[in-house]
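Peer 1: Sharing a structure below in structure tokens format, with a few things to ask.
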Amino acid sequence: MPADPLLSVVIPCLNEESRLASTLEKLTAFLRSKDYRWQVLIVDDGSTDRTAEVPARYMTAEECVVLKNDGNRGKGYSVRRGVLESAGEFVLISDADLSTPIQEWDRFLPHLEAGCDVVIGSRSLPDSNVVKRQAWYRQGMGRIFNRIIRFLVIDDFVDTQCGFKAFRKSTGAQLFKKCGSTISASMSRCCFWRRRRD
């Protein structure tokens, strides 16, 4: 029986047929170069296009699992479902457009192997290299939401909204079981629960 994968990559998707092909090309090339087992979980959140059909063009059924929600349940639900159904020792969450390049995973892995439970990407640190910026109104809304979360819940995380985060599976499973299934801010709640656990 094959060993469990070291890495599970969870990608929540809603009507991403046009972008997913480029993402999976990059993801497949990167992951197939690794000397450890991995899996990708595409969580289709009620797409009305052919998002769920795209992965079969790039990955085998063993490499990629497509989970289809029964309707549009929201990103928080989709992320939670993907994390809870993943098999890897470590779980990486990424946006469907790979706005953070998958190569950044190589910077996360040593921290997880050294014992960190959670590693969170940030676009707001001094050495962050943001090549393509969001529209000004999305940046503004993100900053406002981030400040509210930092004020109310977790004041020492600079960027809670970056879509590139990794967990030990054991930690992620504990955290996401505590998160509500339809809350879009599930990542912020999970950080809060992690702090309370400590």
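Residues are referred to by chain and number: the chain letter is A, B, ... according to the order shown in the structure tokens, the number counts from 1 in that chain, and ligands are numbered separately from 1 in the order shown.
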With only C-alpha atoms as the counted atoms, please give the residues lying no more than 10 Å from Leu98 (chain A), apart from itself and same-chain residues fewer than 6 positions off, as a compact mmCIF listing (two decimals) with C-alpha atoms, in the first residue's frame.
Peer 2:
# COMPACT_ATOMS: atom_id res chain seq x y z
CA ILE A 11 -7.45 24.77 -4.32
CA ARG A 19 -7.66 29.99 -15.40
CA LEU A 20 -7.27 26.47 -14.05
CA SER A 22 -2.50 27.43 -16.70
CA THR A 23 -2.45 26.83 -12.95
CA LEU A 24 -2.43 23.04 -13.30
CA LYS A 26 2.56 25.05 -13.50
CA LEU A 27 1.51 22.96 -10.52
CA GLY A 163 -4.51 32.85 0.01
CA PHE A 164 -1.23 30.93 0.43
Peer 1: Compare A:Val10, A:Cys64, A:Val119, A:Ala56 by their minimum atom-to-atom distance to Ile93 (chain A), counting only C-alpha atoms, and give me the closest one.
Peer 2: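 Closest candidate: A:Val10.
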Peer 1: Please measure the separation of CA of Glu17 (chain A) and CA of Phe90 (chain A), giving the value in Å to one decimal.
Peer 2: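 We find that CA of Glu17 (chain A) and CA of Phe90 (chain A) lie 26.5 Å from each other.
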Peer 1: Can you tell me, as a list in words, what residues are no more than 10 Å from Ser170 (chain A) when counting only C-alpha atoms, ignoring any on the same chain fewer than 6 positions away?
Peer 2: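 In the requested form, the answer reads Leu84, Gly88, Glu89, Phe90, Val91 and Asp117 of chain A.
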Peer 1: Please save all heavy atoms of the selected residues as a JSON list (two decimals), in the first residue's frame.
Peer 2:
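Output (result_11.json):
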[["chain", "number", "residue", "atom", "x", "y", "z"],
["A", 84, "LEU", "N", -10.00, 19.01, 5.44],
["A", 84, "LEU", "CA", -10.45, 17.83, 6.20],
["A", 84, "LEU", "C", -10.38, 16.54, 5.38],
["A", 84, "LEU", "O", -10.21, 15.46, 5.94],
["A", 84, "LEU", "CB", -11.87, 18.06, 6.73],
["A", 84, "LEU", "CG", -11.99, 19.16, 7.80],
["A", 84, "LEU", "CD1", -13.44, 19.33, 8.22],
["A", 84, "LEU", "CD2", -11.11, 18.85, 9.00],
["A", 88, "GLY", "N", -2.35, 14.40, 3.05],
["A", 88, "GLY", "CA", -0.93, 14.72, 3.24],
["A", 88, "GLY", "C", -0.57, 15.03, 4.69],
["A", 88, "GLY", "O", -1.41, 15.43, 5.49],
["A", 89, "GLU", "N", 0.71, 14.86, 4.99],
["A", 89, "GLU", "CA", 1.22, 15.26, 6.30],
["A", 89, "GLU", "C", 1.11, 16.78, 6.46],
["A", 89, "GLU", "O", 0.84, 17.30, 7.53],
["A", 89, "GLU", "CB", 2.68, 14.83, 6.44],
["A", 89, "GLU", "CG", 3.30, 15.19, 7.77],
["A", 89, "GLU", "CD", 4.76, 14.77, 7.88],
["A", 89, "GLU", "OE1", 5.26, 14.04, 7.00],
["A", 89, "GLU", "OE2", 5.41, 15.19, 8.86],
["A", 90, "PHE", "N", 1.35, 17.49, 5.34],
["A", 90, "PHE", "CA", 1.22, 18.94, 5.31],
["A", 90, "PHE", "C", 0.17, 19.32, 4.27],
["A", 90, "PHE", "O", 0.05, 18.67, 3.24],
["A", 90, "PHE", "CB", 2.56, 19.60, 4.94],
["A", 90, "PHE", "CG", 3.70, 19.21, 5.84],
["A", 90, "PHE", "CD1", 4.86, 18.68, 5.31],
["A", 90, "PHE", "CD2", 3.62, 19.37, 7.22],
["A", 90, "PHE", "CE1", 5.92, 18.31, 6.12],
["A", 90, "PHE", "CE2", 4.67, 19.01, 8.05],
["A", 90, "PHE", "CZ", 5.83, 18.48, 7.50],
["A", 91, "VAL", "N", -0.57, 20.40, 4.55],
["A", 91, "VAL", "CA", -1.62, 20.86, 3.65],
["A", 91, "VAL", "C", -1.33, 22.31, 3.27],
["A", 91, "VAL", "O", -1.16, 23.16, 4.14],
["A", 91, "VAL", "CB", -3.01, 20.77, 4.31],
["A", 91, "VAL", "CG1", -4.09, 21.21, 3.33],
["A", 91, "VAL", "CG2", -3.28, 19.36, 4.81],
["A", 117, "ASP", "N", 3.47, 24.62, 13.20],
["A", 117, "ASP", "CA", 2.15, 24.06, 12.88],
["A", 117, "ASP", "C", 1.48, 24.77, 11.72],
["A", 117, "ASP", "O", 0.71, 24.16, 10.97],
["A", 117, "ASP", "CB", 1.23, 24.14, 14.11],
["A", 117, "ASP", "CG", 1.64, 23.17, 15.19],
["A", 117, "ASP", "OD1", 1.97, 22.02, 14.88],
["A", 117, "ASP", "OD2", 1.61, 23.57, 16.36]]
Peer 1: Using only C-alpha atoms, which of A:Tyr36, A:Glu113, A:Thr51, A:Leu175 sits nearest Asp4 (chain A)?
Peer 2: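 Smallest distance to Asp4 (chain A) is found for A:Tyr36.
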Peer 1: Closest to Phe30 (chain A) among A:Ser99, A:Asp106, A:Ala166, A:Val118, using only C-alpha atoms?
Peer 2: A:Asp106
Peer 1: How far is it from CA of Arg80 (chain A) to CA of Leu7 (chain A), in Å with one decimal?
Peer 2: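 Interatomic distance, CA of Arg80 (chain A) to CA of Leu7 (chain A): 16.3 Å.
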Peer 1: Pick out the residues sitting within 12 Å of Leu6 (chain A), and hand them over as a list in words; count only C-alpha atoms, and ignore anything fewer than 3 positions along from it in its own chain.
Peer 2: Pro2, Ala3, Val9, Leu31, Lys34, Asp35, Tyr36, Arg37, Trp38, Gln39, Val40, Ser86, Ala87, Gly88, Glu89, Phe90, Val91, Leu92, Leu109, Leu112, Glu113, Phe167, Arg168 and Lys169 of chain A
Peer 1: When distances are computed from only C-alpha atoms, which of A:Val43, A:Ala29, A:Ala52, A:Ile102 shows the smallest separation from Tyr77 (chain A)?
Peer 2: A:Val43
Peer 1: Pull the alpha helix (DSSP H) assignments for region 11-74 of chain A out of DSSP run on the backbone, and list those residues as an NGL selection string.
Peer 2: :A and (17-32)
Peer 1: Just write the chosen residues, N, CA, C and O atoms, as a compact mmCIF listing (two decimals), in the first residue's frame.
Peer 2:
# COMPACT_ATOMS: atom_id res chain seq x y z
N GLU A 17 -12.67 27.56 -14.94
CA GLU A 17 -12.28 26.76 -16.11
C GLU A 17 -11.20 27.45 -16.93
O GLU A 17 -10.22 26.82 -17.33
N SER A 18 -11.32 28.74 -17.17
CA SER A 18 -10.37 29.44 -18.04
C SER A 18 -9.00 29.62 -17.39
O SER A 18 -7.99 29.62 -18.08
N ARG A 19 -8.95 29.76 -16.07
CA ARG A 19 -7.66 29.99 -15.40
C ARG A 19 -6.99 28.71 -14.92
O ARG A 19 -5.79 28.65 -14.76
N LEU A 20 -7.79 27.68 -14.70
CA LEU A 20 -7.27 26.47 -14.05
C LEU A 20 -6.27 25.72 -14.93
O LEU A 20 -5.33 25.11 -14.41
N ALA A 21 -6.41 25.79 -16.23
CA ALA A 21 -5.48 25.08 -17.11
C ALA A 21 -4.05 25.57 -16.90
O ALA A 21 -3.13 24.77 -16.71
N SER A 22 -3.83 26.86 -16.91
CA SER A 22 -2.50 27.43 -16.70
C SER A 22 -1.97 27.08 -15.32
O SER A 22 -0.80 26.72 -15.15
N THR A 23 -2.85 27.16 -14.33
CA THR A 23 -2.45 26.83 -12.95
C THR A 23 -2.00 25.38 -12.84
O THR A 23 -0.96 25.08 -12.24
N LEU A 24 -2.77 24.46 -13.42
CA LEU A 24 -2.43 23.04 -13.30
C LEU A 24 -1.18 22.68 -14.10
O LEU A 24 -0.44 21.78 -13.70
N GLU A 25 -0.93 23.35 -15.20
CA GLU A 25 0.32 23.15 -15.93
C GLU A 25 1.51 23.47 -15.03
O GLU A 25 2.47 22.69 -14.93
N LYS A 26 1.47 24.62 -14.38
CA LYS A 26 2.56 25.05 -13.50
C LYS A 26 2.67 24.13 -12.29
O LYS A 26 3.77 23.73 -11.88
N LEU A 27 1.53 23.80 -11.71
CA LEU A 27 1.51 22.96 -10.52
C LEU A 27 2.05 21.56 -10.82
O LEU A 27 2.86 21.03 -10.06
N THR A 28 1.63 20.99 -11.94
CA THR A 28 2.08 19.65 -12.31
C THR A 28 3.59 19.63 -12.56
O THR A 28 4.29 18.73 -12.07
N ALA A 29 4.10 20.60 -13.28
CA ALA A 29 5.54 20.65 -13.55
C ALA A 29 6.32 20.76 -12.26
O ALA A 29 7.34 20.08 -12.07
N PHE A 30 5.85 21.59 -11.34
CA PHE A 30 6.54 21.78 -10.07
C PHE A 30 6.50 20.52 -9.21
O PHE A 30 7.52 20.03 -8.73
N LEU A 31 5.30 19.98 -9.02
CA LEU A 31 5.16 18.84 -8.11
C LEU A 31 5.80 17.57 -8.65
O LEU A 31 6.37 16.79 -7.87
N ARG A 32 5.74 17.34 -9.95
CA ARG A 32 6.36 16.13 -10.50
C ARG A 32 7.88 16.17 -10.43
O ARG A 32 8.54 15.14 -10.60
Peer 1: I'd like the interatomic distance between CA of Val66 (chain A) and CA of Asp49 (chain A), to a tenth of an Å.
Peer 2: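 Those two atoms sit 14.4 Å apart.
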